[in-house]
file upload_17.txt (compact mmCIF, C-alpha atoms)
# COMPACT_ATOMS: atom_id res chain seq x y z
CA MET J 1 24.03 -48.96 61.47
CA LYS J 2 24.13 -48.39 65.20
CA ALA J 3 23.68 -44.74 66.16
CA VAL J 4 26.42 -42.96 68.08
CA ARG J 5 25.35 -41.29 71.30
CA LEU J 6 26.88 -37.96 72.30
CA ASN J 7 26.21 -36.08 75.50
CA LEU J 8 26.90 -32.43 74.70
CA GLU J 9 27.16 -31.67 78.40
CA ASP J 10 30.44 -33.59 78.28
CA ARG J 11 33.35 -31.40 77.16
CA GLN J 12 35.02 -34.08 75.04
CA ALA J 13 31.77 -34.97 73.25
CA TRP J 14 31.11 -31.28 72.54
CA GLN J 15 34.62 -30.85 71.11
CA LYS J 16 34.25 -34.02 69.03
CA LEU J 17 31.02 -32.72 67.49
CA GLN J 18 32.66 -29.40 66.60
CA TYR J 19 35.66 -31.17 65.10
CA VAL J 20 33.56 -33.48 62.93
CA LEU J 21 31.33 -30.68 61.62
CA THR J 22 34.34 -28.44 60.90
CA SER J 23 35.99 -31.28 59.00
CA LEU J 24 32.77 -31.84 57.08
CA ALA J 25 32.65 -28.16 56.15
CA SER J 26 36.30 -28.26 55.06
CA ASP J 27 35.32 -30.74 52.34
CA TYR J 28 33.33 -27.88 50.77
CA MET J 29 36.11 -25.25 50.82
CA ASP J 30 34.77 -23.73 47.60
CA LEU J 31 31.45 -23.06 49.34
CA VAL J 32 31.97 -22.62 53.09
CA ALA J 33 34.67 -20.98 55.24
CA ALA J 34 35.10 -23.85 57.69
CA GLU J 35 37.28 -21.90 60.12
CA GLN J 36 34.44 -19.40 60.76
CA THR J 37 31.84 -22.01 61.79
CA GLU J 38 30.14 -21.14 65.09
CA PHE J 39 28.38 -23.49 67.52
CA LYS J 40 25.88 -22.78 70.30
CA PHE J 41 23.98 -25.12 72.62
CA GLU J 42 21.35 -23.47 74.82
CA GLN J 43 17.99 -24.62 76.18
CA GLN J 44 18.21 -28.01 74.46
CA VAL J 45 18.69 -26.35 71.04
CA LEU J 46 21.88 -26.95 69.04
CA SER J 47 22.59 -24.05 66.65
CA ILE J 48 25.28 -24.14 63.98
CA ALA J 49 26.17 -21.07 61.88
CA PHE J 50 28.11 -21.58 58.66
CA THR J 51 29.77 -18.79 56.65
CA LEU J 52 29.43 -18.79 52.88
CA ILE J 53 32.32 -17.51 50.81
CA ALA J 54 30.09 -15.79 48.25
CA ALA J 55 26.50 -14.53 48.28
CA ASN J 56 25.65 -16.12 44.92
CA SER J 57 26.71 -19.63 45.92
CA ASP J 58 25.79 -22.67 43.88
CA ARG J 59 22.41 -23.81 45.16
CA ASP J 60 22.95 -27.42 44.10
CA ARG J 61 26.25 -27.48 45.92
CA LEU J 62 24.61 -25.91 48.98
CA ASN J 63 21.83 -28.51 48.96
CA GLU J 64 24.39 -31.25 48.75
CA PHE J 65 26.16 -29.81 51.80
CA THR J 66 22.95 -29.54 53.84
CA GLN J 67 22.05 -33.13 52.94
CA SER J 68 25.46 -34.26 54.19
CA ILE J 69 24.79 -32.48 57.49
CA ASP J 70 21.36 -34.09 57.72
CA ARG J 71 22.77 -37.56 57.08
CA TYR J 72 25.39 -37.03 59.76
CA PHE J 73 22.82 -36.08 62.39
CA ASN J 74 20.71 -39.11 61.42
CA ARG J 75 23.54 -41.31 62.69
CA LEU J 76 23.70 -39.49 66.04
CA GLN J 77 21.79 -39.62 69.29
CA LEU J 78 22.34 -36.27 70.95
CA VAL J 79 21.65 -36.41 74.68
CA GLY J 80 19.65 -33.45 75.98
CA VAL J 81 18.91 -32.00 72.51
CA ARG J 82 15.36 -31.56 71.22
CA ARG J 83 16.06 -29.42 68.10
CA ILE J 84 18.91 -28.89 65.62
CA GLU J 85 19.22 -25.70 63.57
CA TRP J 86 21.82 -24.68 61.01
CA GLU J 87 22.11 -21.26 59.39
CA PHE J 88 24.14 -19.79 56.54
CA TYR J 89 25.57 -16.27 56.44
CA VAL J 90 27.66 -14.48 53.80
CA ILE J 91 31.22 -13.74 54.86
CA GLY J 92 31.56 -10.23 56.25
CA GLU J 93 27.78 -9.74 56.51
CA ASP J 94 25.12 -10.43 59.16
CA THR J 95 22.34 -11.14 56.66
CA LEU J 96 20.82 -14.60 56.97
CA VAL J 97 20.88 -16.41 53.60
CA LEU J 98 19.43 -19.81 54.51
CA SER J 99 18.05 -21.39 57.67
CA GLN J 100 17.07 -25.01 58.23
CA GLY J 101 16.26 -27.15 61.23
CA ARG J 102 14.32 -30.06 62.56
CA ASP J 103 13.14 -31.49 65.84
CA ILE J 104 14.65 -34.72 67.12
CA PRO J 105 13.54 -37.12 69.87
CA LEU J 106 14.79 -35.93 73.22
CA VAL J 107 17.20 -38.36 74.87
CA ALA J 108 17.40 -37.81 78.62
CA ALA J 109 20.82 -37.47 80.22
CA PRO J 110 21.90 -40.32 82.52
CA ALA J 111 21.52 -39.73 86.23
CA PRO J 112 24.75 -38.71 87.95
CA LEU J 113 26.42 -41.16 90.28
CA PRO J 114 25.97 -40.57 94.01
CA LYS J 115 28.82 -38.91 95.81
CA SER J 116 29.21 -41.94 98.06
CA ALA J 117 30.20 -44.03 95.02
CA LEU J 118 33.03 -41.65 94.15
CA ALA J 119 34.23 -41.01 97.71
CA ARG J 120 37.22 -42.92 99.05
CA THR J 121 37.01 -44.16 102.59
CA GLU J 122 39.88 -43.84 104.95
CA ASP J 123 40.27 -47.59 105.38
CA LYS J 124 40.86 -48.06 101.62
CA ARG J 125 43.86 -45.76 101.56
CA SER J 126 47.22 -47.43 101.58
CA LEU J 127 50.01 -46.67 104.01
CA THR J 128 51.96 -45.03 101.22
CA ARG J 129 49.13 -42.59 100.61
CA ASN J 130 48.93 -41.72 104.29
CA SER J 131 52.68 -41.29 104.64
CA GLN J 132 54.25 -37.91 104.01
CA GLN J 133 55.56 -37.58 100.46
CA SER J 134 59.19 -36.70 100.04
CA ALA J 135 60.41 -33.75 97.98
CA LEU J 136 61.62 -36.11 95.25
CA SER J 137 58.24 -37.83 94.89
CA LYS J 138 56.48 -34.47 94.79
CA GLY J 139 58.83 -33.31 92.04
CA LYS J 140 58.21 -36.49 90.04
CA SER J 141 54.48 -36.05 90.49
CA LYS J 142 54.60 -32.44 89.21
CA ALA J 143 56.74 -33.46 86.22
CA GLY J 144 54.35 -36.29 85.42
CA ASN J 145 51.37 -33.95 85.62
CA LEU J 146 53.05 -31.50 83.24
CA VAL J 147 53.83 -34.28 80.77
CA ARG J 148 50.26 -35.59 80.92
CA ARG J 149 48.81 -32.12 80.48
CA PHE J 150 51.07 -31.41 77.51
CA ARG J 151 50.24 -34.75 75.91
CA GLY J 152 46.55 -34.16 76.48
CA TRP J 153 46.82 -30.74 74.87
CA LEU J 154 48.57 -32.22 71.82
CA LEU J 155 45.96 -34.98 71.43
CA ASP J 156 43.02 -32.68 72.11
CA PRO J 157 40.65 -32.63 69.09
CA LYS J 158 40.29 -28.89 69.54
CA THR J 159 44.06 -28.43 69.14
CA ILE J 160 44.12 -30.65 66.06
CA ALA J 161 41.16 -28.81 64.55
CA ALA J 162 42.79 -25.45 65.26
CA ALA J 163 46.02 -26.59 63.60
CA ARG J 164 44.17 -27.81 60.51
CA THR J 165 42.10 -24.66 60.34
CA THR J 166 45.21 -22.49 60.64
CA SER J 167 46.95 -24.43 57.88
CA ARG J 168 43.94 -24.01 55.56
CA ILE J 169 43.78 -20.27 56.29
CA THR J 170 47.51 -19.94 55.61
CA ILE J 171 47.20 -21.77 52.28
CA ARG J 172 44.17 -19.72 51.26
CA ASP J 173 45.44 -16.32 52.39
CA PRO J 174 49.12 -16.36 53.47
CA LYS J 175 49.31 -12.57 53.66
CA GLY J 176 46.28 -12.43 55.95
CA ALA J 177 47.73 -15.22 58.11
CA LEU J 178 50.99 -13.30 58.53
CA GLU J 179 49.04 -10.16 59.37
CA ALA J 180 47.05 -12.08 62.01
CA ILE J 181 50.27 -13.45 63.51
CA ARG J 182 51.71 -9.92 63.58
CA THR J 183 48.60 -8.55 65.30
CA SER J 184 48.62 -11.39 67.84
CA ALA J 185 52.33 -10.89 68.58
CA ILE J 186 51.84 -7.15 69.11
CA ALA J 187 48.89 -7.83 71.44
CA LYS J 188 50.91 -10.38 73.45
CA PHE J 189 53.82 -7.95 73.68
CA ASN J 190 51.54 -5.16 74.89
CA ASP J 191 50.01 -7.50 77.48
CA THR J 192 53.48 -8.45 78.68
CA ILE J 193 54.55 -4.81 78.98
CA GLN J 194 51.36 -4.03 80.86
CA TRP J 195 51.95 -6.95 83.22
CA VAL J 196 55.52 -5.78 83.86
CA ASP J 197 54.29 -2.24 84.56
CA THR J 198 51.49 -3.33 86.89
CA PHE J 199 53.36 -6.09 88.75
CA PRO J 200 53.97 -5.15 92.43
CA TRP J 201 57.74 -5.41 92.23
CA GLU J 202 58.32 -3.57 95.52
CA THR J 203 56.04 -5.89 97.49
CA TRP J 204 57.51 -8.95 95.80
CA THR J 205 61.05 -7.80 96.61
CA LYS J 206 60.17 -7.21 100.26
CA GLU J 207 58.58 -10.65 100.55
CA LYS J 208 61.64 -12.32 99.04
CA ALA J 209 63.91 -10.38 101.37
CA GLN J 210 61.82 -11.48 104.36
CA GLN J 211 61.98 -15.11 103.21
CA ILE J 212 65.77 -14.95 102.89
CA LYS J 213 66.02 -13.32 106.31
CA ARG J 214 63.88 -16.00 107.94
CA ARG J 215 65.91 -18.73 106.21
CA HIS J 216 69.13 -17.24 107.54
CA GLN J 217 67.69 -16.97 111.02
CA ARG J 218 66.68 -20.64 111.08
CA ASN J 219 70.10 -22.00 110.03
CA LEU J 220 72.74 -19.45 109.07
CA VAL J 221 75.48 -21.91 108.05
CA ARG J 222 73.21 -23.94 105.80
CA ALA J 223 71.73 -20.78 104.22
CA VAL J 224 75.19 -19.36 103.46
CA ILE J 225 76.33 -22.64 101.89
CA GLU J 226 73.21 -22.77 99.73
CA ASP J 227 73.72 -19.16 98.63
CA VAL J 228 77.34 -19.85 97.69
CA LEU J 229 76.36 -22.94 95.70
CA VAL J 230 73.61 -21.06 93.83
CA LEU J 231 75.97 -18.18 93.09
CA GLY J 232 78.61 -20.62 91.82
CA VAL J 233 76.14 -22.34 89.51
CA LEU J 234 75.03 -18.96 88.14
CA LEU J 235 78.64 -17.90 87.52
CA ILE J 236 79.41 -21.19 85.74
CA CYS J 237 76.33 -20.81 83.54
CA LEU J 238 77.29 -17.21 82.77
CA TYR J 239 80.83 -18.31 81.86
CA TRP J 240 79.55 -21.07 79.57
CA LEU J 241 77.11 -18.65 77.95
CA THR J 242 79.89 -16.11 77.37
CA GLU J 243 82.13 -18.78 75.84
CA ALA J 244 79.31 -19.97 73.58
CA LEU J 245 78.44 -16.48 72.34
CA SER J 246 82.00 -15.16 71.96
CA GLY J 247 83.89 -15.52 68.71
CA PRO J 248 86.95 -17.71 68.15
CA THR J 249 90.24 -16.53 69.65
CA ILE J 250 93.78 -16.92 68.28
CA ASN J 251 96.71 -17.76 70.55
CA LEU J 252 99.74 -16.18 68.91
CA ALA J 253 102.08 -18.24 71.07
CA LEU J 254 100.83 -21.42 69.36
CA LEU J 255 101.46 -20.14 65.84
CA PRO J 256 104.67 -21.24 64.01
CA PRO J 257 107.59 -18.80 64.12
CA ARG J 258 107.30 -18.04 60.38
CA HIS J 259 103.60 -17.20 60.29
CA TYR J 260 104.15 -14.39 57.75
CA ASP J 261 105.27 -14.38 54.09
CA ASN J 262 108.15 -12.23 52.94
CA ASN J 263 107.26 -12.71 49.28
CA ILE J 264 104.49 -10.11 49.49
CA THR J 265 107.14 -7.40 50.00
CA ASN J 266 109.30 -8.65 47.14
CA VAL J 267 109.24 -6.42 44.07
CA GLN J 268 108.77 -9.43 41.83
CA TYR J 269 105.38 -10.17 43.44
CA ARG J 270 104.23 -6.55 43.44
CA CYS J 271 104.74 -6.25 39.66
CA GLY J 272 102.86 -7.89 36.81
CA ASN J 273 104.03 -10.60 34.50
CA PRO J 274 107.55 -10.01 33.10
CA GLY J 275 107.42 -7.66 30.15
CA VAL J 276 107.52 -4.02 29.06
CA THR J 277 104.22 -2.78 30.49
CA LEU J 278 103.02 0.34 32.23
CA LYS J 279 102.40 -1.64 35.45
CA ASN J 280 105.98 -2.87 35.49
CA TYR J 281 107.24 0.65 34.72
CA VAL J 282 105.39 1.99 37.79
CA CYS J 283 106.76 -0.94 39.78
CA LEU J 284 110.42 0.05 39.15
CA GLY J 285 111.94 1.71 42.18
CA ARG J 286 114.98 3.91 42.69
CA GLY J 287 118.03 1.93 43.79
CA MET J 288 117.12 -1.35 42.06
CA ARG J 289 119.94 -3.38 40.55
CA TYR J 290 120.11 -3.98 36.85
CA ASP J 291 119.38 -7.69 37.15
CA GLN J 292 116.20 -6.92 39.12
CA VAL J 293 115.01 -4.48 36.47
CA ALA J 294 115.82 -6.94 33.70
CA SER J 295 113.87 -9.73 35.42
CA ILE J 296 110.84 -7.45 35.80
CA LEU J 297 110.93 -6.18 32.22
CA GLY J 298 111.37 -9.69 30.81
CA GLY J 299 114.93 -9.69 29.52
CA GLU J 300 118.16 -7.81 28.89
CA GLY J 301 117.94 -4.21 27.73
CA LYS J 302 119.77 -2.42 24.92
CA PRO J 303 122.44 0.14 25.97
CA LEU J 304 121.93 3.49 24.31
CA GLY J 305 124.71 5.72 25.67
CA ILE J 306 125.95 7.88 28.55
CA ASP J 307 123.64 10.26 30.45
CA HIS J 308 126.00 13.12 31.35
CA LYS J 309 123.36 14.60 33.62
CA PHE J 310 124.23 11.93 36.20
CA GLY J 311 127.95 11.74 35.42
CA ASP J 312 130.22 9.85 33.11
CA ARG J 313 129.30 6.49 34.67
CA ALA J 314 125.55 6.85 34.05
CA VAL J 315 124.43 4.36 31.39
CA ILE J 316 121.06 4.54 29.58
CA VAL J 317 119.48 1.16 28.86
CA SER J 318 116.35 0.77 26.70
CA TRP J 319 113.53 -1.86 26.60
CA SER J 320 110.80 -1.71 23.96
CA ASN J 321 107.97 -3.59 22.31
CA LYS J 322 105.25 -2.69 19.81
CA ASP J 323 103.25 -0.74 22.41
CA MET J 324 105.78 1.31 24.37
CA ASN J 325 109.44 2.25 24.79
CA LEU J 326 111.06 2.35 28.23
CA ASN J 327 114.46 3.87 29.17
CA ALA J 328 116.27 3.45 32.49
CA THR J 329 119.47 5.14 33.72
CA PHE J 330 121.87 3.18 35.96
CA VAL J 331 124.79 4.51 37.99
CA ASP J 332 127.07 1.84 39.45
CA ASP J 333 124.43 -0.82 38.70
CA LYS J 334 121.73 1.19 40.57
CA LEU J 335 118.60 2.62 38.98
CA VAL J 336 118.48 6.42 39.34
CA THR J 337 115.75 7.47 36.89
CA ARG J 338 113.36 6.07 34.27
CA ALA J 339 111.17 7.31 31.42
CA TYR J 340 108.71 5.83 28.93
CA ARG J 341 106.87 6.68 25.71
CA GLN J 342 103.60 5.11 24.61
CA LEU J 343 103.80 4.05 20.98
CA THR J 344 100.12 3.07 20.58
CA ALA J 345 96.96 4.47 22.12
CA SER J 346 95.93 2.66 25.31
CA LYS J 347 92.90 0.46 24.97
call {"tool": "encode", "arguments": {"input": "upload_17.txt", "output": "structure tokens"}}
result
Amino acid sequence: MKAVRLNLEDRQAWQKLQYVLTSLASDYMDLVAAEQTEFKFEQQVLSIAFTLIAANSDRDRLNEFTQSIDRYFNRLQLVGVRRIEWEFYVIGEDTLVLSQGRDIPLVAAPAPLPKSALARTEDKRSLTRNSQQSALSKGKSKAGNLVRRFRGWLLDPKTIAAARTTSRITIRDPKGALEAIRTSAIAKFNDTIQWVDTFPWETWTKEKAQQIKRRHQRNLVRAVIEDVLVLGVLLICLYWLTEALSGPTINLALLPPRHYDNNITNVQYRCGNPGVTLKNYVCLGRGMRYDQVASILGGEGKPLGIDHKFGDRAVIVSWSNKDMNLNATFVDDKLVTRAYRQLTASK
């Protein structure tokens, strides 16, 4: 198998090595905390520090892991590296548990290209390059640079490794991950508050005022038109934002004329089902006609006699069932008083 050559002086090669070794350590999650792996490359010595989850780790499993690392480095040609060392520490401790290493043949780094090979002569530049770029082309160039930088950040092996490491930490210890996010958010908030407090707002305001003054002095009409347009756009955005955040409104003029229901004030709908009940007794009101009372109590009543207290035309009518007895006195077909007696205990 052809060996792969990596120049650790190159940033992408260095990140690729870290990503591969972290992924290799993640295959032994029961043995090693892959997210806490540390790398160091100084004076042609590559040092890798792994963190063991427990002090009494399985030695056979640990030997298997070290052999995997050794086999991986056998397939590599590391440029500018004369020795590889890997160490094992227990999580939360600085005590060295195991240390291994070996010397490898030193592969010299390629000579850098001369500056003349990278320089561009004036006669090779096109007329478009020499011409002054318009504001539109500059804006397109900035947007393209932002897109390329964002895409490069997404495809960066370091970003992918960080995302995988974060997901593993979250799965292993979700409470700790939330606590780390909380701590990071508080630190970012404190940094933001500190930046706001230390920012030279007075100087910045004076500089902006001077810029506006100079712009007005150069061309007053154009500056006023631009200010009006900017103010109009801001007002439109504010109006749209207010409309989006405000609740729904009701236009009463668009509602039908009969947008209310009279039935809710009708006695029939304020009472219970027709029958001799305490709810219907409470529902009876002074001045009701006999037919209204009869419809509420579920049928015609039984006349009992004359109530001389209200005159010779006051008639007592009775309604009853097995639970209660209800009497009502009517004068000229109008209810003037009522009374009831509970025949059985209420449940």
call {"tool": "residues_near_point", "arguments": {"input": "upload_17.txt", "point": "(43.2, -32.1, 66.6)", "cutoff": "12 Å", "atoms": "only C-alpha atoms", "output": "count of residues only"}}
result
24
call {"tool": "residues_around", "arguments": {"input": "upload_17.txt", "residues": "Val32 of chain J", "least_positions_apart": "6", "cutoff": "8 Å", "atoms": "only C-alpha atoms", "output": "ChimeraX atom specification"}}
result
/J:25-26,50-53
call {"tool": "atom_distance", "arguments": {"input": "upload_17.txt", "atom1": "atom CA of Arg168 of chain J", "atom2": "atom CA of Met29 of chain J"}}
result
9.2 Å
call {"tool": "residues_around", "arguments": {"input": "upload_17.txt", "residues": "Trp86 of chain J", "least_positions_apart": "2", "cutoff": "9 Å", "atoms": "only C-alpha atoms", "output": "count of residues only"}}
result
12
call {"tool": "closest_residue", "arguments": {"input": "upload_17.txt", "among": "J:Leu297, J:Asn63, J:Ile181, J:Gln43", "to": "Pro274 of chain J", "atoms": "all atoms listed in the file"}}
result
J:Leu297
call {"tool": "closest_residue", "arguments": {"input": "upload_17.txt", "among": "J:Asn325, J:Asn7, J:Thr344, J:Gln210", "to": "Gly80 of chain J", "atoms": "all atoms listed in the file"}}
result
J:Asn7
call {"tool": "closest_residue", "arguments": {"input": "upload_17.txt", "among": "J:Phe189, J:Tyr290, J:Phe330, J:Trp319", "to": "Asp307 of chain J", "atoms": "only C-alpha atoms"}}
result
J:Phe330
call {"tool": "atom_distance", "arguments": {"input": "upload_17.txt", "atom1": "atom CA of Val336 of chain J", "atom2": "atom CA of Arg286 of chain J"}}
result
5.5 Å
call {"tool": "closest_residue", "arguments": {"input": "upload_17.txt", "among": "J:Leu21, J:Leu106, J:Leu241, J:Val293", "to": "Ala34 of chain J", "atoms": "all atoms listed in the file"}}
result
J:Leu21
call {"tool": "closest_residue", "arguments": {"input": "upload_17.txt", "among": "J:Trp201, J:Ser295, J:Gln77, J:Gln211", "to": "Ala223 of chain J", "atoms": "only C-alpha atoms"}}
result
J:Gln211
